[in-house]
Amino acid sequence: MDYSNIDRRSSSNKKVVAVVGGGLVGALNACYFAKRGFQVEVFESREDIRKAKIVKGRSINLALSHRGRQALKQVGMEDKIVSKGIPMHARMIHSRNGKQSAIPYGKKGQYILSVDRANLNKELLSEAETYPNTKMNFDHKLLDWNAETGAMTFIGPEGTKEEIQADLIVGCDGAFSAIRKQFLRRSRFNYSQTYIPHGYLELTMPPRNGDFTMKPNFLHIWPRNTFMMIALPNLDKTFTCTLFMPFEEFEKLTTDDQVIEFFEKYFPDTIPLIGVEALKKDYFRLPAQAMVSVKCSPYHLGNMCVLMGDAAHAVVPFYGQGMNAGFEDCLVFNEIMDQLKEDFSAVLPEYSRVRVPDDHAIADLAMYNYVEMRAHVNSKWFLFRKHVDNFLHIIMPRTIIPLYTMVTFTRTRYHEAIKRWHWQDKVINHGLLISATAALLGGTYLLVKHPPNISQIPVDHLWTRLQAFKPF
Ligand code: FAD
Ligand code: EGU
């Protein structure tokens with residue numbers, strides 16, 4: 001443990017920071033503020049998940065990539081989390097006929113990790129608790145807060161109301177943030193939310209003979225346009241499959257037989273792996289969950305409140321970046337705290353100025369990818385696009401960098417990744433135009449220089465030749 005920062009600052013720094021929400025981003029933020037020596041109070045509406053018997057919540061596992069790892073590293077948590085993650089070096093594309101094709105994410109060392117959400121959350125909460133200046137308040141649900149005074153009202157474990165005051169409120173209370181409600185009443189606060197027509201459902205693929213039933217070090221994908229399934233490996237040798245499908249379609253499948261029929265049509269190779277009986281049971285265990293995209297700005301209110309993670313920007317999961325972006329929020333805020341010497345009245349507006357364009361950019365990218373996948377991504381198209389991307393990168397490694405590479409394996413600011421992507425598109429289109437023009441000119445030159453003697457070929461022969469030339 002590195003307490004050097006605290007020792008240096010704690011004597012002068014006794015400000016109280018209230019972190020509202022003890023989910024992934026809240027728990028990480030608690031570590032960041034505790035490391036700086038603040039008096040940290042975490043308020044979480046649920047009970048302590050480390051003691052809970054059943055943990056309900058969203059997605060069982062998540063893809064952790066570079067941005068998230070960098071943010072964990074800063075509080076000394078990277079190795080601990082990575083050691084319990086399962087590397088995924090490539091995607092495995094499953095075609096309808098059962099064929100599997102692997103497409104690497106990049107070079108050897110470039111992989112993403114499948115991590116268990118509950119474990120990640122527990123480890124971060126425990127890490128935050130190792131700082132003596134952190135206090136955890138579970139079973140504390142924020143009801144409301146006063147944006148004039150900063151006073152927060154919580155419902156405590158016995159149903160009693162508690163009033164609490166802090167110097168800084170950090171809203172990490174997720175996509176339906178209660179902290180954000182006060183922002184909505186302010187002038188010049190922008191807000192938009194969009195529910196996509198798709199829902200998601202999680203299914204478990206059990207191990208067989210104590211081992212994984214599919215190759216573990218891959219992100220398995222079944223792209224079927226409107227329907228899509230993704231599977232990530234778990235340490236217990238199961239896979240968690242996430243089925244994405246329009247709610248309309250979920251509603252059509254009401255009986256066991258319809259479910260099996262549907263899987264036989266679209267995901268036949270998964271039936272024996274999940275098991276017919278398990279599939280029938282799992283499918284109806286929970287209703288399909290909704291996905292929402294939330295954008296807002298600014299992320300701060302005066303010099304006393306700031307939003308991070310899903311509370312600031314819920315994104316659809318089609319880039320595997322929601323948590324990674326939320327973790328990077330903490331890292332960026334920390335960098336600005338260094339630059340501006342922890343002066344909240346300067347740090348908060350600067351954080352909004354720097355971070356809003358990037359979080360909006362990843363929200364847009366995730367939504368764009370959702371539309372793209374739904375519109376025309378079957379397994380052939382997916383394979384083709386990734387091969388083209390990789391090919392262009394190999395022939396022009398410094399000019400063309402695939403978008404997912406910038407997003408997943410670098411800390412290139414999200415909005416700059418988009419800019420660069422548009423620029424690369426232009427370069428590619430110019431390249432194509434130049435090649436086409438050169439081919440046309442070259443071809444014309446050769447024809448002029450060596451004209452074929454058409455008069456010697458019978459007309460009907462020419463016609464059959466022309467017919468044989470079918471470009472489509
Ligand atoms: P949350 O995890 O929602 O945590 C918010 C916390 O606040 C909760 O603990 C909640 O109990 C608490 N809370 C809420 N209201 C109150 C209140 N009033 N008072 C007190 N506490 C409160 N991201 C990735 O990076 N990679 C992936 O592969 C990935 N896959 C995903 C797959 C799916 C299907 C989904 C839906 C999301 C996925 N995400 C992924 C996104 C990721 O789950 C979120 O971005 C991440 O959980 C955000 O963390 P958070 O802490 O901001 O919010
Ligand atoms: C969705 C749900 C493949 C976990 C986007 C790729 C995701 C994840 C992709 C979920 C896809 C889609 C990328 C990663 C990742 C790909 C990515 C999506 C993890 C563009 C637990 N996406 N996801 N892109 O490139 O950059 O492999 O639930 F199918 S990881 Cl939708 Cl890298």
# chains A, B, ... in the order shown; residues from 1 in each chain; ligands from 1
call {"tool": "residues_around", "arguments": {"residues": "Leu142 (chain A)", "least_positions_apart": "4", "cutoff": "10 Å", "atoms": "only C-alpha atoms", "output": "list in words"}}
result
Val20, Gly21, Phe43, Glu44, Ser45, Met152, Thr153, Phe154, Ile155, Gly156, Lys161, Glu162, Glu163, Asp173, Ser177, Ala178 and Ile179 of chain A
call {"tool": "residues_around", "arguments": {"residues": "Tyr414 (chain A)", "least_positions_apart": "5", "cutoff": "9 Å", "atoms": "only C-alpha atoms", "output": "PyMOL selection string"}}
result
chain A and resi 357-362+365+406-407+419
call {"tool": "atom_distance", "arguments": {"atom1": "atom 24 (C, counted along the ligand's line) of ligand 1", "atom2": "CA of Asn133 (chain A)"}}
result
29.0 Å
call {"tool": "closest_atom_pairs", "arguments": {"of": "chain A", "to": "ligand 1", "cutoff": "7 Å", "atoms": "only C-alpha atoms and all ligand atoms", "output": "CSV"}}
result
residue,atom,partner,partner_atom_place_in_ligand_line,distance
A:Val20,CA,ligand 1,20 (C),5.4
A:Gly21,CA,ligand 1,7 (O),3.4
A:Gly22,CA,ligand 1,9 (O),4.8
A:Gly23,CA,ligand 1,4 (O),3.6
A:Leu24,CA,ligand 1,51 (O),4.0
A:Val25,CA,ligand 1,51 (O),3.7
A:Gly26,CA,ligand 1,51 (O),5.3
A:Phe43,CA,ligand 1,20 (C),5.5
A:Glu44,CA,ligand 1,21 (N),3.9
A:Ser45,CA,ligand 1,20 (C),4.0
A:Arg46,CA,ligand 1,11 (O),5.2
A:Arg58,CA,ligand 1,36 (C),5.8
A:Ser59,CA,ligand 1,34 (C),5.0
A:Asn61,CA,ligand 1,28 (O),7.0
A:Leu62,CA,ligand 1,28 (O),3.6
A:Ala63,CA,ligand 1,28 (O),3.6
A:Leu64,CA,ligand 1,26 (N),5.7
A:His140,CA,ligand 1,20 (C),5.9
A:Lys141,CA,ligand 1,19 (N),3.7
A:Leu142,CA,ligand 1,19 (N),3.8
A:Leu143,CA,ligand 1,18 (N),5.9
A:Cys172,CA,ligand 1,52 (O),5.3
A:Asp173,CA,ligand 1,7 (O),3.4
A:Gly174,CA,ligand 1,53 (O),3.7
A:Ala175,CA,ligand 1,3 (O),6.1
A:Phe176,CA,ligand 1,15 (N),6.8
A:Ser177,CA,ligand 1,15 (N),5.7
A:Ala178,CA,ligand 1,18 (N),5.0
A:Tyr200,CA,ligand 1,34 (C),6.5
A:Thr242,CA,ligand 1,34 (C),7.0
A:Met291,CA,ligand 1,36 (C),6.3
A:Met308,CA,ligand 1,52 (O),6.5
A:Gly309,CA,ligand 1,52 (O),3.6
A:Asp310,CA,ligand 1,52 (O),3.9
A:Ala311,CA,ligand 1,52 (O),5.8
A:Ala314,CA,ligand 1,45 (O),6.4
A:Val315,CA,ligand 1,45 (O),6.9
A:Val316,CA,ligand 1,37 (C),6.9
A:Pro317,CA,ligand 1,31 (C),4.9
A:Gly320,CA,ligand 1,26 (N),3.8
A:Gln321,CA,ligand 1,25 (O),3.8
A:Gly322,CA,ligand 1,45 (O),3.3
A:Met323,CA,ligand 1,25 (O),3.4
A:Asn324,CA,ligand 1,25 (O),4.2
A:Ala325,CA,ligand 1,25 (O),6.7
A:Gly326,CA,ligand 1,52 (O),6.0
call {"tool": "write_last_selection", "arguments": {"atoms": "N, CA and C atoms", "output": "compact mmCIF listing (two decimals), in the first residue's frame"}}
result
# COMPACT_ATOMS: atom_id res chain seq x y z
N VAL A 20 -21.60 9.14 -3.80
CA VAL A 20 -22.94 8.54 -3.78
C VAL A 20 -22.99 7.44 -4.84
N GLY A 21 -23.18 6.20 -4.38
CA GLY A 21 -23.14 5.02 -5.25
C GLY A 21 -21.86 4.25 -5.01
N GLY A 22 -21.99 3.01 -4.59
CA GLY A 22 -20.82 2.16 -4.34
C GLY A 22 -20.72 1.07 -5.38
N GLY A 23 -21.07 1.39 -6.62
CA GLY A 23 -20.92 0.45 -7.74
C GLY A 23 -19.47 0.51 -8.21
N LEU A 24 -19.23 0.13 -9.46
CA LEU A 24 -17.86 0.05 -9.95
C LEU A 24 -17.16 1.41 -9.89
N VAL A 25 -17.80 2.43 -10.41
CA VAL A 25 -17.15 3.74 -10.48
C VAL A 25 -17.09 4.41 -9.10
N GLY A 26 -18.13 4.27 -8.30
CA GLY A 26 -18.12 4.84 -6.95
C GLY A 26 -17.02 4.25 -6.09
N PHE A 43 -21.87 6.25 0.09
CA PHE A 43 -23.26 5.90 0.38
C PHE A 43 -23.78 5.00 -0.73
N GLU A 44 -24.22 3.82 -0.35
CA GLU A 44 -24.70 2.83 -1.32
C GLU A 44 -26.08 2.34 -0.90
N SER A 45 -27.02 2.38 -1.83
CA SER A 45 -28.40 2.01 -1.47
C SER A 45 -28.54 0.52 -1.13
N ARG A 46 -27.77 -0.32 -1.80
CA ARG A 46 -27.89 -1.77 -1.54
C ARG A 46 -27.12 -2.15 -0.27
N ARG A 58 -26.90 -5.90 -13.05
CA ARG A 58 -26.69 -6.04 -14.48
C ARG A 58 -25.50 -6.92 -14.78
N SER A 59 -25.39 -7.33 -16.02
CA SER A 59 -24.36 -8.21 -16.57
C SER A 59 -23.39 -8.81 -15.56
N ASN A 61 -20.46 -10.52 -16.29
CA ASN A 61 -19.05 -10.22 -16.57
C ASN A 61 -18.93 -9.09 -17.60
N LEU A 62 -17.75 -8.50 -17.62
CA LEU A 62 -17.53 -7.33 -18.48
C LEU A 62 -16.17 -7.43 -19.14
N ALA A 63 -16.01 -6.73 -20.27
CA ALA A 63 -14.72 -6.66 -20.94
C ALA A 63 -13.96 -5.45 -20.41
N LEU A 64 -12.82 -5.74 -19.78
CA LEU A 64 -11.96 -4.67 -19.26
C LEU A 64 -10.84 -4.44 -20.27
N HIS A 140 -27.89 2.82 2.43
CA HIS A 140 -28.16 4.26 2.47
C HIS A 140 -28.57 4.71 1.07
N LYS A 141 -29.84 4.97 0.90
CA LYS A 141 -30.34 5.38 -0.41
C LYS A 141 -30.55 6.88 -0.42
N LEU A 142 -29.91 7.57 -1.38
CA LEU A 142 -30.13 9.01 -1.49
C LEU A 142 -31.54 9.26 -2.00
N LEU A 143 -32.29 10.06 -1.24
CA LEU A 143 -33.63 10.42 -1.67
C LEU A 143 -33.57 11.67 -2.52
N CYS A 172 -22.07 8.97 -8.38
CA CYS A 172 -21.70 7.75 -9.12
C CYS A 172 -22.84 6.77 -8.98
N ASP A 173 -24.07 7.28 -9.04
CA ASP A 173 -25.22 6.43 -8.73
C ASP A 173 -25.93 5.89 -9.98
N GLY A 174 -25.16 5.73 -11.04
CA GLY A 174 -25.66 4.96 -12.19
C GLY A 174 -26.59 5.71 -13.14
N ALA A 175 -27.09 4.97 -14.13
CA ALA A 175 -27.85 5.55 -15.24
C ALA A 175 -29.11 6.29 -14.81
N PHE A 176 -29.68 5.90 -13.65
CA PHE A 176 -30.91 6.57 -13.20
C PHE A 176 -30.61 7.46 -12.01
N SER A 177 -29.45 8.05 -12.02
CA SER A 177 -28.91 8.87 -10.94
C SER A 177 -29.91 9.79 -10.24
N ALA A 178 -29.94 9.67 -8.92
CA ALA A 178 -30.78 10.57 -8.11
C ALA A 178 -30.06 11.91 -7.92
N TYR A 200 -31.84 -7.16 -23.50
CA TYR A 200 -30.85 -8.24 -23.39
C TYR A 200 -31.22 -9.22 -22.30
N THR A 242 -24.92 -13.37 -23.62
CA THR A 242 -25.88 -12.28 -23.59
C THR A 242 -26.57 -12.20 -24.95
N MET A 291 -31.97 -1.18 -22.40
CA MET A 291 -30.70 -0.46 -22.49
C MET A 291 -30.98 1.00 -22.84
N MET A 308 -20.03 11.23 -12.38
CA MET A 308 -19.09 10.34 -13.09
C MET A 308 -19.74 8.99 -13.37
N GLY A 309 -19.17 8.28 -14.33
CA GLY A 309 -19.69 6.95 -14.69
C GLY A 309 -21.04 7.06 -15.38
N ASP A 310 -21.85 6.03 -15.23
CA ASP A 310 -23.14 5.99 -15.90
C ASP A 310 -24.05 7.16 -15.52
N ALA A 311 -23.86 7.73 -14.33
CA ALA A 311 -24.66 8.88 -13.91
C ALA A 311 -24.45 10.05 -14.87
N ALA A 314 -24.60 7.15 -19.55
CA ALA A 314 -24.89 5.73 -19.76
C ALA A 314 -24.74 5.50 -21.27
N VAL A 315 -24.01 4.47 -21.64
CA VAL A 315 -23.85 4.17 -23.07
C VAL A 315 -24.37 2.77 -23.35
N VAL A 316 -24.83 2.53 -24.56
CA VAL A 316 -25.27 1.18 -24.92
C VAL A 316 -24.01 0.29 -24.98
N PRO A 317 -24.15 -1.01 -24.69
CA PRO A 317 -22.93 -1.82 -24.49
C PRO A 317 -22.21 -2.29 -25.76
N GLY A 320 -18.31 -2.19 -25.56
CA GLY A 320 -17.65 -2.71 -24.37
C GLY A 320 -16.87 -1.64 -23.62
N GLN A 321 -17.43 -0.40 -23.55
CA GLN A 321 -16.67 0.71 -22.99
C GLN A 321 -17.33 1.42 -21.80
N GLY A 322 -18.54 1.06 -21.42
CA GLY A 322 -19.22 1.79 -20.35
C GLY A 322 -18.39 1.92 -19.08
N MET A 323 -17.97 0.79 -18.54
CA MET A 323 -17.17 0.81 -17.32
C MET A 323 -15.79 1.42 -17.59
N ASN A 324 -15.20 1.06 -18.72
CA ASN A 324 -13.87 1.61 -19.04
C ASN A 324 -13.90 3.13 -19.09
N ALA A 325 -14.93 3.69 -19.69
CA ALA A 325 -15.07 5.15 -19.77
C ALA A 325 -15.29 5.73 -18.38
N GLY A 326 -16.10 5.05 -17.57
CA GLY A 326 -16.36 5.52 -16.21
C GLY A 326 -15.09 5.51 -15.36
call {"tool": "residues_around", "arguments": {"residues": "Pro87 (chain A)", "least_positions_apart": "5", "cutoff": "8 Å", "atoms": "only C-alpha atoms", "output": "list in words"}}
result
Tyr111, Ile112, Leu113, Ser114, Asn217 and Phe218 of chain A
call {"tool": "write_last_selection", "arguments": {"atoms": "all heavy atoms", "output": "short mmCIF file (atom, residue, chain, number, x, y, z; two decimals), in the first residue's frame"}}
result
data_model
loop_
_atom_site.label_atom_id
_atom_site.label_comp_id
_atom_site.auth_asym_id
_atom_site.auth_seq_id
_atom_site.Cartn_x
_atom_site.Cartn_y
_atom_site.Cartn_z
N TYR A 111 -4.86 -7.78 -25.82
CA TYR A 111 -6.03 -8.57 -25.51
C TYR A 111 -6.89 -7.79 -24.53
O TYR A 111 -6.42 -6.85 -23.88
CB TYR A 111 -5.63 -9.92 -24.92
CG TYR A 111 -4.75 -9.82 -23.69
CD1 TYR A 111 -5.32 -9.64 -22.43
CD2 TYR A 111 -3.36 -9.88 -23.79
CE1 TYR A 111 -4.52 -9.53 -21.30
CE2 TYR A 111 -2.56 -9.77 -22.66
CZ TYR A 111 -3.14 -9.59 -21.41
OH TYR A 111 -2.35 -9.46 -20.31
N ILE A 112 -8.14 -8.18 -24.45
CA ILE A 112 -9.01 -7.60 -23.44
C ILE A 112 -9.26 -8.67 -22.40
O ILE A 112 -8.93 -9.83 -22.61
CB ILE A 112 -10.32 -7.07 -24.07
CG1 ILE A 112 -11.02 -8.17 -24.86
CG2 ILE A 112 -10.04 -5.88 -24.98
CD1 ILE A 112 -12.37 -7.74 -25.46
N LEU A 113 -9.83 -8.30 -21.27
CA LEU A 113 -10.04 -9.27 -20.19
C LEU A 113 -11.51 -9.39 -19.85
O LEU A 113 -12.24 -8.41 -19.78
CB LEU A 113 -9.30 -8.79 -18.94
CG LEU A 113 -7.78 -8.85 -18.99
CD1 LEU A 113 -7.17 -7.77 -18.11
CD2 LEU A 113 -7.27 -10.22 -18.57
N SER A 114 -11.92 -10.64 -19.61
CA SER A 114 -13.26 -10.86 -19.10
C SER A 114 -13.17 -10.86 -17.58
O SER A 114 -12.46 -11.67 -17.00
CB SER A 114 -13.78 -12.22 -19.60
OG SER A 114 -15.02 -12.51 -18.98
N ASN A 217 -10.30 -18.34 -24.34
CA ASN A 217 -9.64 -17.04 -24.47
C ASN A 217 -10.14 -16.21 -25.65
O ASN A 217 -9.36 -15.58 -26.37
CB ASN A 217 -8.12 -17.22 -24.51
CG ASN A 217 -7.62 -17.82 -23.20
OD1 ASN A 217 -7.31 -19.00 -23.13
ND2 ASN A 217 -7.62 -17.02 -22.16
N PHE A 218 -11.45 -16.24 -25.83
CA PHE A 218 -12.07 -15.50 -26.93
C PHE A 218 -13.33 -14.79 -26.46
O PHE A 218 -13.98 -15.23 -25.51
CB PHE A 218 -12.46 -16.45 -28.06
CG PHE A 218 -11.30 -17.11 -28.74
CD1 PHE A 218 -10.72 -18.26 -28.21
CD2 PHE A 218 -10.76 -16.57 -29.90
CE1 PHE A 218 -9.62 -18.87 -28.83
CE2 PHE A 218 -9.68 -17.17 -30.52
CZ PHE A 218 -9.10 -18.32 -29.98
#
